[in-house]
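Listing of entry-v4.tsv; format and content: TSV, C-alpha atoms.
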chain	number	residue	atom	x	y	z
K	1	MET	CA	8.25	-20.31	-11.30
K	2	ARG	CA	4.61	-21.17	-11.73
K	3	THR	CA	2.36	-19.49	-14.26
K	4	LEU	CA	-1.21	-19.89	-15.47
K	5	THR	CA	-3.25	-17.97	-18.06
K	6	GLU	CA	-6.96	-18.01	-18.77
K	7	HIS	CA	-9.26	-15.91	-20.87
K	8	ILE	CA	-12.73	-15.50	-19.46
K	9	PHE	CA	-15.71	-14.26	-21.48
K	10	PHE	CA	-18.62	-11.94	-20.85
K	11	GLU	CA	-21.73	-11.22	-22.84
K	12	THR	CA	-23.77	-8.75	-20.84
K	13	SER	CA	-27.48	-8.26	-21.43
K	14	GLN	CA	-27.14	-4.50	-20.93
K	15	ARG	CA	-24.87	-2.05	-22.66
K	16	ARG	CA	-23.30	-0.86	-19.38
K	17	GLU	CA	-22.83	-3.20	-16.47
K	18	LEU	CA	-20.58	-3.92	-13.49
K	19	ILE	CA	-19.96	-7.63	-12.83
K	20	ASN	CA	-18.29	-8.81	-9.64
K	21	ILE	CA	-15.60	-11.33	-10.67
K	22	THR	CA	-13.84	-11.72	-7.31
K	23	ALA	CA	-14.89	-15.36	-6.85
K	24	ARG	CA	-13.78	-16.26	-10.38
K	25	VAL	CA	-10.39	-14.66	-9.83
K	26	ALA	CA	-10.03	-16.42	-6.45
K	27	ASP	CA	-10.83	-19.77	-8.10
K	28	PHE	CA	-8.23	-19.09	-10.77
K	29	VAL	CA	-5.61	-18.29	-8.11
K	30	ALA	CA	-6.42	-21.54	-6.26
K	31	LYS	CA	-6.18	-23.53	-9.49
K	32	SER	CA	-2.75	-22.04	-10.27
K	33	ARG	CA	-1.34	-23.31	-6.96
K	34	VAL	CA	0.79	-20.15	-6.79
K	35	GLN	CA	1.56	-19.31	-3.16
K	36	GLU	CA	3.35	-15.98	-3.64
K	37	GLY	CA	2.96	-13.89	-6.76
K	38	PHE	CA	0.97	-11.40	-8.82
K	39	CYS	CA	-2.32	-12.00	-10.59
K	40	LEU	CA	-3.07	-9.65	-13.47
K	41	VAL	CA	-6.70	-9.03	-14.46
K	42	SER	CA	-6.94	-7.05	-17.70
K	43	ALA	CA	-9.87	-6.23	-19.98
K	44	MET	CA	-8.82	-7.11	-23.54
K	45	HIS	CA	-11.52	-5.11	-25.30
K	46	ILE	CA	-10.95	-1.39	-25.44
K	47	THR	CA	-14.44	-0.44	-24.29
K	48	ALA	CA	-14.30	-2.29	-20.95
K	49	GLY	CA	-12.34	-1.82	-17.74
K	50	ILE	CA	-11.54	-3.27	-14.32
K	51	TRP	CA	-12.58	-1.66	-11.04
K	52	VAL	CA	-11.46	-2.63	-7.53
K	53	ASN	CA	-13.96	-1.22	-5.07
K	54	ASP	CA	-17.09	-1.89	-3.05
K	55	GLU	CA	-19.94	-4.39	-3.65
K	56	GLU	CA	-22.56	-1.81	-2.73
K	57	PRO	CA	-25.32	-0.84	-5.19
K	58	GLY	CA	-25.20	2.86	-4.33
K	59	ILE	CA	-21.52	3.40	-5.05
K	60	LYS	CA	-21.78	1.27	-8.20
K	61	ALA	CA	-24.51	3.60	-9.49
K	62	ASP	CA	-22.44	6.62	-8.38
K	63	LEU	CA	-19.47	5.34	-10.38
K	64	MET	CA	-21.50	4.89	-13.54
K	65	GLU	CA	-23.00	8.36	-13.08
K	66	LEU	CA	-19.55	9.91	-12.58
K	67	LEU	CA	-18.21	8.30	-15.76
K	68	GLU	CA	-21.30	9.40	-17.69
K	69	ARG	CA	-20.81	12.95	-16.45
K	70	LEU	CA	-17.10	13.05	-17.36
K	71	ALA	CA	-17.29	11.11	-20.66
K	72	PRO	CA	-20.95	11.22	-21.74
K	73	VAL	CA	-22.65	9.38	-24.52
K	74	GLY	CA	-22.44	11.86	-27.39
K	75	ASP	CA	-20.96	12.76	-30.69
K	76	TYR	CA	-17.30	11.81	-31.01
K	77	ARG	CA	-14.82	11.98	-33.87
K	78	HIS	CA	-14.49	8.21	-33.48
K	79	HIS	CA	-18.04	7.89	-34.83
K	80	ARG	CA	-16.92	8.90	-38.32
K	81	THR	CA	-15.73	5.29	-38.59
K	82	GLY	CA	-19.33	4.10	-38.21
K	83	GLU	CA	-18.89	3.23	-34.51
K	84	ASP	CA	-21.11	4.76	-31.83
K	85	ASN	CA	-19.10	3.84	-28.73
K	86	GLY	CA	-16.66	6.74	-28.33
K	87	ASP	CA	-17.84	7.29	-24.78
K	88	ALA	CA	-17.08	3.66	-23.91
K	89	HIS	CA	-13.43	4.02	-24.99
K	90	LEU	CA	-13.12	7.11	-22.80
K	91	LYS	CA	-14.91	5.58	-19.81
K	92	ARG	CA	-12.49	2.62	-19.91
K	93	THR	CA	-9.63	5.09	-20.00
K	94	LEU	CA	-10.76	7.08	-16.95
K	95	LEU	CA	-11.61	3.94	-14.97
K	96	GLY	CA	-8.50	1.97	-15.88
K	97	HIS	CA	-8.46	-1.35	-17.69
K	98	GLN	CA	-6.47	-3.60	-15.38
K	99	ALA	CA	-5.44	-4.44	-11.85
K	100	THR	CA	-2.51	-6.38	-10.44
K	101	LEU	CA	-3.54	-8.36	-7.39
K	102	PRO	CA	-1.06	-9.61	-4.81
K	103	VAL	CA	-1.27	-13.32	-3.99
K	104	THR	CA	0.00	-14.21	-0.51
K	105	LYS	CA	-0.04	-17.68	1.09
K	106	GLY	CA	-2.02	-18.97	-1.86
K	107	ARG	CA	-4.81	-16.40	-1.67
K	108	LEU	CA	-5.78	-12.99	-3.07
K	109	ASP	CA	-4.35	-10.43	-0.65
K	110	LEU	CA	-7.24	-7.95	-0.85
K	111	GLY	CA	-8.38	-5.28	1.59
K	112	PRO	CA	-11.51	-5.90	3.69
K	113	TRP	CA	-13.91	-4.35	1.16
K	114	GLU	CA	-11.95	-4.74	-2.05
K	115	GLN	CA	-13.94	-6.55	-4.69
K	116	ILE	CA	-12.94	-6.94	-8.35
K	117	PHE	CA	-15.37	-5.82	-11.05
K	118	TYR	CA	-15.50	-6.22	-14.79
K	119	ALA	CA	-16.85	-2.89	-16.09
K	120	GLU	CA	-18.67	-3.15	-19.40
K	121	PHE	CA	-19.37	0.05	-21.31
K	122	ASP	CA	-20.40	-1.39	-24.69
K	123	GLY	CA	-21.84	-4.83	-24.07
K	124	ARG	CA	-24.38	-7.18	-25.54
K	125	ARG	CA	-21.59	-9.01	-27.35
K	126	ARG	CA	-18.92	-11.51	-26.44
K	127	LYS	CA	-15.88	-9.90	-24.80
K	128	ARG	CA	-12.78	-11.14	-23.08
K	129	VAL	CA	-10.66	-10.61	-19.96
K	130	VAL	CA	-7.23	-12.15	-19.44
K	131	LEU	CA	-6.24	-13.60	-16.07
K	132	LYS	CA	-2.56	-14.32	-15.70
K	133	ILE	CA	-0.62	-15.27	-12.61
K	134	ILE	CA	3.11	-15.60	-12.09
K	135	GLY	CA	4.84	-16.60	-8.89
K	136	GLU	CA	5.98	-19.64	-7.03
A	1	MET	CA	12.47	-16.49	-6.99
A	2	ARG	CA	12.51	-14.08	-4.08
A	3	THR	CA	9.39	-12.54	-2.64
A	4	LEU	CA	8.51	-10.31	0.30
A	5	THR	CA	5.19	-8.87	1.51
A	6	GLU	CA	4.49	-6.16	4.05
A	7	HIS	CA	1.43	-4.24	5.07
A	8	ILE	CA	2.08	-0.69	6.15
A	9	PHE	CA	-0.40	1.44	8.08
A	10	PHE	CA	-1.50	5.04	7.98
A	11	GLU	CA	-3.66	7.08	10.29
A	12	THR	CA	-3.75	10.60	8.92
A	13	SER	CA	-4.71	13.57	11.06
A	14	GLN	CA	-6.64	15.13	8.18
A	15	ARG	CA	-9.42	13.67	6.09
A	16	ARG	CA	-7.52	14.21	2.82
A	17	GLU	CA	-3.76	13.98	2.66
A	18	LEU	CA	-0.87	13.05	0.36
A	19	ILE	CA	1.98	11.20	2.09
A	20	ASN	CA	5.29	10.62	0.33
A	21	ILE	CA	6.19	6.95	0.89
A	22	THR	CA	9.14	6.69	-1.52
A	23	ALA	CA	11.72	6.15	1.23
A	24	ARG	CA	9.59	3.46	2.89
A	25	VAL	CA	9.19	1.62	-0.41
A	26	ALA	CA	12.92	1.92	-1.12
A	27	ASP	CA	13.71	0.46	2.33
A	28	PHE	CA	11.33	-2.42	1.65
A	29	VAL	CA	13.04	-3.13	-1.69
A	30	ALA	CA	16.46	-3.15	0.00
A	31	LYS	CA	15.21	-5.50	2.72
A	32	SER	CA	13.83	-7.93	0.12
A	33	ARG	CA	17.28	-8.32	-1.49
A	34	VAL	CA	15.55	-8.59	-4.88
A	35	GLN	CA	17.88	-7.40	-7.63
A	36	GLU	CA	15.51	-7.60	-10.62
A	37	GLY	CA	11.74	-7.61	-10.24
A	38	PHE	CA	8.52	-5.74	-9.69
A	39	CYS	CA	7.34	-4.05	-6.50
A	40	LEU	CA	3.59	-3.57	-6.20
A	41	VAL	CA	2.24	-0.76	-4.00
A	42	SER	CA	-1.52	-1.01	-3.58
A	43	ALA	CA	-3.97	0.82	-1.30
A	44	MET	CA	-6.12	-1.85	0.39
A	45	HIS	CA	-8.89	0.51	1.51
A	46	ILE	CA	-11.29	1.60	-1.16
A	47	THR	CA	-11.17	5.28	-0.29
A	48	ALA	CA	-7.40	5.71	-0.79
A	49	GLY	CA	-5.10	5.60	-3.79
A	50	ILE	CA	-1.49	5.69	-4.97
A	51	TRP	CA	0.01	8.55	-6.99
A	52	VAL	CA	3.40	8.62	-8.72
A	53	ASN	CA	4.32	12.22	-9.35
A	54	ASP	CA	6.15	15.27	-8.06
A	55	GLU	CA	7.11	16.25	-4.48
A	56	GLU	CA	6.08	19.85	-5.05
A	57	PRO	CA	3.43	21.52	-2.86
A	58	GLY	CA	1.79	23.37	-5.76
A	59	ILE	CA	1.07	20.34	-7.91
A	60	LYS	CA	-0.06	18.37	-4.86
A	61	ALA	CA	-2.67	21.07	-4.14
A	62	ASP	CA	-3.57	21.17	-7.86
A	63	LEU	CA	-4.19	17.40	-7.81
A	64	MET	CA	-6.46	17.59	-4.79
A	65	GLU	CA	-8.36	20.49	-6.39
A	66	LEU	CA	-8.76	18.57	-9.67
A	67	LEU	CA	-10.17	15.54	-7.86
A	68	GLU	CA	-12.51	17.74	-5.82
A	69	ARG	CA	-13.73	19.39	-9.03
A	70	LEU	CA	-14.33	16.06	-10.82
A	71	ALA	CA	-15.70	14.06	-7.87
A	72	PRO	CA	-16.79	16.62	-5.27
A	73	VAL	CA	-17.90	16.09	-1.72
A	74	GLY	CA	-21.67	15.86	-2.06
A	75	ASP	CA	-24.74	13.73	-1.92
A	76	TYR	CA	-24.21	10.23	-3.31
A	77	ARG	CA	-26.41	7.15	-3.49
A	78	HIS	CA	-23.74	5.42	-1.43
A	79	HIS	CA	-24.77	7.61	1.52
A	80	ARG	CA	-28.06	5.74	1.87
A	81	THR	CA	-25.96	3.11	3.65
A	82	GLY	CA	-25.10	5.65	6.36
A	83	GLU	CA	-21.66	6.39	4.88
A	84	ASP	CA	-20.62	9.91	3.89
A	85	ASN	CA	-17.54	9.13	1.82
A	86	GLY	CA	-18.91	8.57	-1.69
A	87	ASP	CA	-16.55	11.19	-3.07
A	88	ALA	CA	-13.57	9.34	-1.58
A	89	HIS	CA	-14.46	6.12	-3.44
A	90	LEU	CA	-14.66	8.08	-6.68
A	91	LYS	CA	-11.46	10.05	-6.08
A	92	ARG	CA	-9.56	6.79	-5.53
A	93	THR	CA	-11.03	5.52	-8.78
A	94	LEU	CA	-9.96	8.51	-10.86
A	95	LEU	CA	-6.50	8.63	-9.29
A	96	GLY	CA	-5.82	4.89	-9.40
A	97	HIS	CA	-5.15	2.70	-6.41
A	98	GLN	CA	-1.85	1.04	-7.22
A	99	ALA	CA	1.49	1.25	-8.98
A	100	THR	CA	3.94	-1.40	-10.12
A	101	LEU	CA	7.50	-0.20	-9.71
A	102	PRO	CA	10.40	-1.72	-11.59
A	103	VAL	CA	13.35	-2.83	-9.46
A	104	THR	CA	16.68	-2.86	-11.31
A	105	LYS	CA	20.09	-3.70	-9.81
A	106	GLY	CA	18.49	-3.85	-6.38
A	107	ARG	CA	16.90	-0.38	-6.52
A	108	LEU	CA	13.64	1.31	-7.48
A	109	ASP	CA	14.00	2.24	-11.14
A	110	LEU	CA	12.15	5.57	-10.97
A	111	GLY	CA	12.34	8.62	-13.21
A	112	PRO	CA	14.20	11.73	-12.00
A	113	TRP	CA	11.14	13.32	-10.35
A	114	GLU	CA	8.98	10.30	-9.71
A	115	GLN	CA	7.94	10.05	-6.07
A	116	ILE	CA	5.38	7.62	-4.65
A	117	PHE	CA	2.46	8.99	-2.64
A	118	TYR	CA	-0.21	7.43	-0.51
A	119	ALA	CA	-3.36	9.44	-1.25
A	120	GLU	CA	-5.87	9.47	1.59
A	121	PHE	CA	-9.40	10.67	0.86
A	122	ASP	CA	-11.18	9.53	4.03
A	123	GLY	CA	-8.63	9.44	6.80
A	124	ARG	CA	-8.43	9.89	10.54
A	125	ARG	CA	-8.55	6.12	10.95
A	126	ARG	CA	-6.14	3.24	10.55
A	127	LYS	CA	-5.73	2.14	6.94
A	128	ARG	CA	-3.45	-0.22	5.11
A	129	VAL	CA	-1.24	-0.45	2.00
A	130	VAL	CA	0.28	-3.67	0.74
A	131	LEU	CA	3.87	-3.76	-0.53
A	132	LYS	CA	4.78	-6.90	-2.39
A	133	ILE	CA	7.89	-7.64	-4.43
A	134	ILE	CA	8.68	-10.59	-6.65
A	135	GLY	CA	11.88	-11.15	-8.57
A	136	GLU	CA	15.28	-12.67	-8.15
H	1	MET	CA	13.67	-16.50	-14.05
H	2	ARG	CA	14.43	-14.33	-17.04
H	3	THR	CA	14.46	-10.56	-16.90
H	4	LEU	CA	15.30	-7.71	-19.26
H	5	THR	CA	15.18	-3.93	-18.82
H	6	GLU	CA	15.45	-1.17	-21.40
H	7	HIS	CA	14.88	2.54	-21.32
H	8	ILE	CA	13.54	3.99	-24.54
H	9	PHE	CA	13.58	7.69	-25.39
H	10	PHE	CA	11.19	10.09	-27.02
H	11	GLU	CA	11.62	13.64	-28.20
H	12	THR	CA	8.35	14.68	-29.77
H	13	SER	CA	8.10	17.61	-32.18
H	14	GLN	CA	4.79	18.70	-30.66
H	15	ARG	CA	3.96	19.47	-27.07
H	16	ARG	CA	1.16	16.87	-26.95
H	17	GLU	CA	1.36	13.66	-28.94
H	18	LEU	CA	0.29	10.01	-28.92
H	19	ILE	CA	2.93	7.60	-30.23
H	20	ASN	CA	2.10	3.98	-30.95
H	21	ILE	CA	4.86	1.88	-29.37
H	22	THR	CA	3.30	-1.58	-29.77
H	23	ALA	CA	5.90	-2.80	-32.26
H	24	ARG	CA	8.76	-1.59	-30.05
H	25	VAL	CA	7.34	-3.37	-27.04
H	26	ALA	CA	6.78	-6.55	-29.08
H	27	ASP	CA	10.42	-6.43	-30.26
H	28	PHE	CA	11.56	-6.03	-26.67
H	29	VAL	CA	9.49	-9.05	-25.60
H	30	ALA	CA	10.99	-11.16	-28.41
H	31	LYS	CA	14.50	-10.07	-27.47
H	32	SER	CA	13.93	-11.06	-23.83
H	33	ARG	CA	13.08	-14.65	-24.83
H	34	VAL	CA	10.54	-14.70	-22.00
H	35	GLN	CA	7.76	-17.18	-22.81
H	36	GLU	CA	5.44	-16.56	-19.85
H	37	GLY	CA	5.56	-13.38	-17.81
H	38	PHE	CA	4.66	-9.72	-17.38
H	39	CYS	CA	6.03	-6.78	-19.32
H	40	LEU	CA	5.79	-3.41	-17.59
H	41	VAL	CA	5.68	-0.22	-19.68
H	42	SER	CA	5.97	2.87	-17.52
H	43	ALA	CA	6.49	6.55	-18.36
H	44	MET	CA	9.34	7.82	-16.18
H	45	HIS	CA	8.63	11.52	-16.62
H	46	ILE	CA	5.73	12.85	-14.63
H	47	THR	CA	4.13	14.71	-17.53
H	48	ALA	CA	3.66	11.65	-19.77
H	49	GLY	CA	1.50	8.53	-19.60
H	50	ILE	CA	0.71	5.20	-21.22
H	51	TRP	CA	-2.57	4.42	-22.99
H	52	VAL	CA	-3.80	1.01	-24.18
H	53	ASN	CA	-6.49	1.59	-26.75
H	54	ASP	CA	-7.30	1.94	-30.43
H	55	GLU	CA	-5.08	3.03	-33.36
H	56	GLU	CA	-7.84	5.19	-34.83
H	57	PRO	CA	-7.30	8.93	-35.40
H	58	GLY	CA	-10.80	9.91	-34.24
H	59	ILE	CA	-10.63	8.32	-30.81
H	60	LYS	CA	-7.07	9.58	-30.34
H	61	ALA	CA	-8.33	13.14	-30.91
H	62	ASP	CA	-11.32	12.44	-28.64
H	63	LEU	CA	-8.97	11.33	-25.86
H	64	MET	CA	-6.85	14.45	-26.11
H	65	GLU	CA	-9.99	16.60	-26.11
H	66	LEU	CA	-11.36	14.79	-23.03
H	67	LEU	CA	-8.13	15.32	-21.11
H	68	GLU	CA	-8.03	18.98	-22.14
H	69	ARG	CA	-11.62	19.40	-20.95
H	70	LEU	CA	-10.96	17.72	-17.57
H	71	ALA	CA	-7.48	19.14	-16.90
H	72	PRO	CA	-7.11	22.16	-19.18
H	73	VAL	CA	-4.06	24.25	-19.90
H	74	GLY	CA	-4.38	27.05	-17.36
H	75	ASP	CA	-3.10	28.67	-14.26
H	76	TYR	CA	-1.96	26.17	-11.62
H	77	ARG	CA	-0.29	26.55	-8.25
H	78	HIS	CA	2.54	24.45	-9.68
H	79	HIS	CA	3.42	27.41	-11.92
H	80	ARG	CA	4.70	29.40	-8.95
H	81	THR	CA	7.84	27.27	-9.34
H	82	GLY	CA	8.40	28.75	-12.80
H	83	GLU	CA	6.94	25.71	-14.57
H	84	ASP	CA	4.03	26.03	-17.01
H	85	ASN	CA	3.05	22.37	-17.30
H	86	GLY	CA	0.60	21.81	-14.44
H	87	ASP	CA	-2.01	20.50	-16.86
H	88	ALA	CA	0.47	17.88	-18.12
H	89	HIS	CA	0.98	16.46	-14.62
H	90	LEU	CA	-2.78	16.19	-14.19
H	91	LYS	CA	-3.39	14.70	-17.65
H	92	ARG	CA	-0.82	11.97	-16.92
H	93	THR	CA	-2.63	11.31	-13.65
H	94	LEU	CA	-6.07	10.91	-15.21
H	95	LEU	CA	-4.75	8.79	-18.08
H	96	GLY	CA	-2.46	6.58	-16.01
H	97	HIS	CA	1.28	6.29	-16.43
H	98	GLN	CA	1.85	2.57	-16.88
H	99	ALA	CA	0.51	-0.73	-18.14
H	100	THR	CA	1.40	-4.32	-17.30
H	101	LEU	CA	1.14	-6.51	-20.38
H	102	PRO	CA	0.76	-10.27	-20.18
H	103	VAL	CA	3.26	-12.28	-22.22
H	104	THR	CA	2.01	-15.72	-23.27
H	105	LYS	CA	3.87	-18.24	-25.45
H	106	GLY	CA	6.55	-15.65	-26.08
H	107	ARG	CA	4.20	-12.92	-27.33
H	108	LEU	CA	2.23	-9.94	-26.04
H	109	ASP	CA	-1.19	-11.27	-25.08
H	110	LEU	CA	-3.22	-8.26	-26.24
H	111	GLY	CA	-6.86	-7.99	-27.25
H	112	PRO	CA	-7.76	-7.66	-30.94
H	113	TRP	CA	-7.64	-3.84	-30.98
H	114	GLU	CA	-5.36	-3.15	-28.06
H	115	GLN	CA	-2.42	-0.97	-29.05
H	116	ILE	CA	0.09	0.61	-26.67
H	117	PHE	CA	0.66	4.37	-26.80
H	118	TYR	CA	3.17	6.70	-25.25
H	119	ALA	CA	1.17	9.81	-24.36
H	120	GLU	CA	3.23	12.99	-24.27
H	121	PHE	CA	1.74	16.07	-22.62
H	122	ASP	CA	4.84	18.28	-22.36
H	123	GLY	CA	7.17	17.28	-25.15
H	124	ARG	CA	9.82	18.81	-27.36
H	125	ARG	CA	12.49	17.44	-25.03
H	126	ARG	CA	14.10	14.08	-24.39
H	127	LYS	CA	11.99	11.83	-22.17
H	128	ARG	CA	12.14	8.24	-21.08
H	129	VAL	CA	9.99	5.12	-20.75
H	130	VAL	CA	11.09	1.98	-18.93
H	131	LEU	CA	10.33	-1.45	-20.37
H	132	LYS	CA	10.89	-4.30	-17.97
H	133	ILE	CA	9.93	-7.93	-18.33
H	134	ILE	CA	10.08	-10.74	-15.81
H	135	GLY	CA	9.09	-14.34	-16.40
H	136	GLU	CA	10.53	-17.58	-17.62

So, in terms of structure tokens, how does the structure I just supplied come out?
Amino acid sequence: MRTLTEHIFFETSQRRELINITARVADFVAKSRVQEGFCLVSAMHITAGIWVNDEEPGIKADLMELLERLAPVGDYRHHRTGEDNGDAHLKRTLLGHQATLPVTKGRLDLGPWEQIFYAEFDGRRRKRVVLKIIGE
Amino acid sequence: MRTLTEHIFFETSQRRELINITARVADFVAKSRVQEGFCLVSAMHITAGIWVNDEEPGIKADLMELLERLAPVGDYRHHRTGEDNGDAHLKRTLLGHQATLPVTKGRLDLGPWEQIFYAEFDGRRRKRVVLKIIGE
Amino acid sequence: MRTLTEHIFFETSQRRELINITARVADFVAKSRVQEGFCLVSAMHITAGIWVNDEEPGIKADLMELLERLAPVGDYRHHRTGEDNGDAHLKRTLLGHQATLPVTKGRLDLGPWEQIFYAEFDGRRRKRVVLKIIGE
């Protein structure tokens, strides 16, 4: 069995942002030399998620608007702790915080329009994503 | 390590549809001869998802109604590209697009009522799901 | 390859409850003696889910309130079967029913505040979660 693990870091300039990380994940897969396996991409901070969808500005704005409509910035019980990011915890939850990507013949086995995004909901500080691959 | 990968295809007659694929996934697991491992089921088109829940017509209709309520057919920024399926991208996102199924003693290790569904939100054309198993 | 599978059981005293299972999952990982791999945690009953987020009472209440707002207790088509838990099926769906946890150097590779929760939406009866690890 082959395995490789890396933590990659993000420090966004905006509070909410979608960052396409497909090329970084593909590079990681190549570096691992795994031919057949699974690559996990998981946001390690609880106010960020992972999205597998389209590199198209319109749908990216639509996603952010949907999440804002369902889990808006507002007054949450969580804020009694002094935090102000309750909405970010809930947005991560609705979006999902990880994806498992199939690796076939040494490459990400993605659909024609599938791109991998890091979804930041409480940025402007250093945050981490784990990439881990297992296979052979 | 054993591994097997297959792409299966769907072309639904309706735009939105839930298709129970449990038997197909079970056949794939048997064919792989993996005794202990993980089987990934992932929708490769970004307007379709995977649902693990109940083969009961009522709850299937309730799910579709929930997704229509939260991410309705409507006017999205994505449509400036000429597409009309913004809601389908968002429904896939809320539902989730993949499941990892444990395989134990050569069989899917599912709960008593867990069934696996392909969830189509923009059908009537040929679309793909990847099945991939790794284990021993 | 190493692999280990366990089913753990819950019988909550309340209908809806969040139970922190991080220590149980960590014990399972240690017992498996896997150094590098993936640990799947998946709710096997279709009215329960898995949440990876913060052990903080405020955000836990916020999550339950969000899910109640999006998929409220109410009158569902599913209830024609005699069931009364349609909302619980839908809450599981929006939350997600599983997580894949990276295991690195023999330990759960979680972010600083990531905790693993069993999310019960129709409790007061015996229900099951599968833990399965594969790796080396």

Show me a table, sorted first by chain and then by increasing residue number, of the residues of chain K having an atom at most 7 Å from chain A, each with its shortest atom pair and the distance in Å to one decimal, counting all atoms listed in the file and written as JSON lines.
{"residue": "K:Gly37", "atom": "CA", "partner": "A:Ile134", "partner_atom": "CA", "distance": 6.6}
{"residue": "K:Asn53", "atom": "CA", "partner": "A:Ile46", "partner_atom": "CA", "distance": 5.5}
{"residue": "K:Gly58", "atom": "CA", "partner": "A:His78", "partner_atom": "CA", "distance": 4.1}
{"residue": "K:Ile59", "atom": "CA", "partner": "A:His78", "partner_atom": "CA", "distance": 4.7}
{"residue": "K:Asp62", "atom": "CA", "partner": "A:Arg77", "partner_atom": "CA", "distance": 6.3}
{"residue": "K:Leu63", "atom": "CA", "partner": "A:Leu90", "partner_atom": "CA", "distance": 6.7}
{"residue": "K:Leu94", "atom": "CA", "partner": "A:Leu94", "partner_atom": "CA", "distance": 6.3}
{"residue": "K:Leu95", "atom": "CA", "partner": "A:Leu94", "partner_atom": "CA", "distance": 6.4}
{"residue": "K:Pro102", "atom": "CA", "partner": "A:Lys132", "partner_atom": "CA", "distance": 6.9}
{"residue": "K:Leu110", "atom": "CA", "partner": "A:Met44", "partner_atom": "CA", "distance": 6.3}
{"residue": "K:Gly111", "atom": "CA", "partner": "A:Met44", "partner_atom": "CA", "distance": 4.3}
{"residue": "K:Trp113", "atom": "CA", "partner": "A:Ile46", "partner_atom": "CA", "distance": 6.9}
{"residue": "K:Glu114", "atom": "CA", "partner": "A:Ile46", "partner_atom": "CA", "distance": 6.4}

If we count only C-alpha atoms, what is near A:Arg126 at a cut-off of 10 Å, once residues fewer than 4 positions away on the same chain are taken out, given as a list in words? Phe9, Phe10, Glu11, Thr12 and His45 of chain A

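If you look at atom CA of H:Arg15 and atom CA of H:Arg125, they are 9.0 Å away from each other.
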
Expressed in Å, the length from atom CA of A:Gln115 to atom CA of A:Arg33 is 21.1 Å

Work out how far apart atom CA of K:Phe117 and atom CA of A:Ile21 are and give it in Å to one decimal.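 Those two atoms sit 27.8 Å apart.
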
key: Counting all atoms listed in the file, the option among H:Ile116, H:Glu136, H:Ile8, H:Asp122 closest to H:Ala23   =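 Going through H:Ile116, H:Glu136, H:Ile8, H:Asp122 one by one, the smallest distance to H:Ala23 is for H:Ile116.
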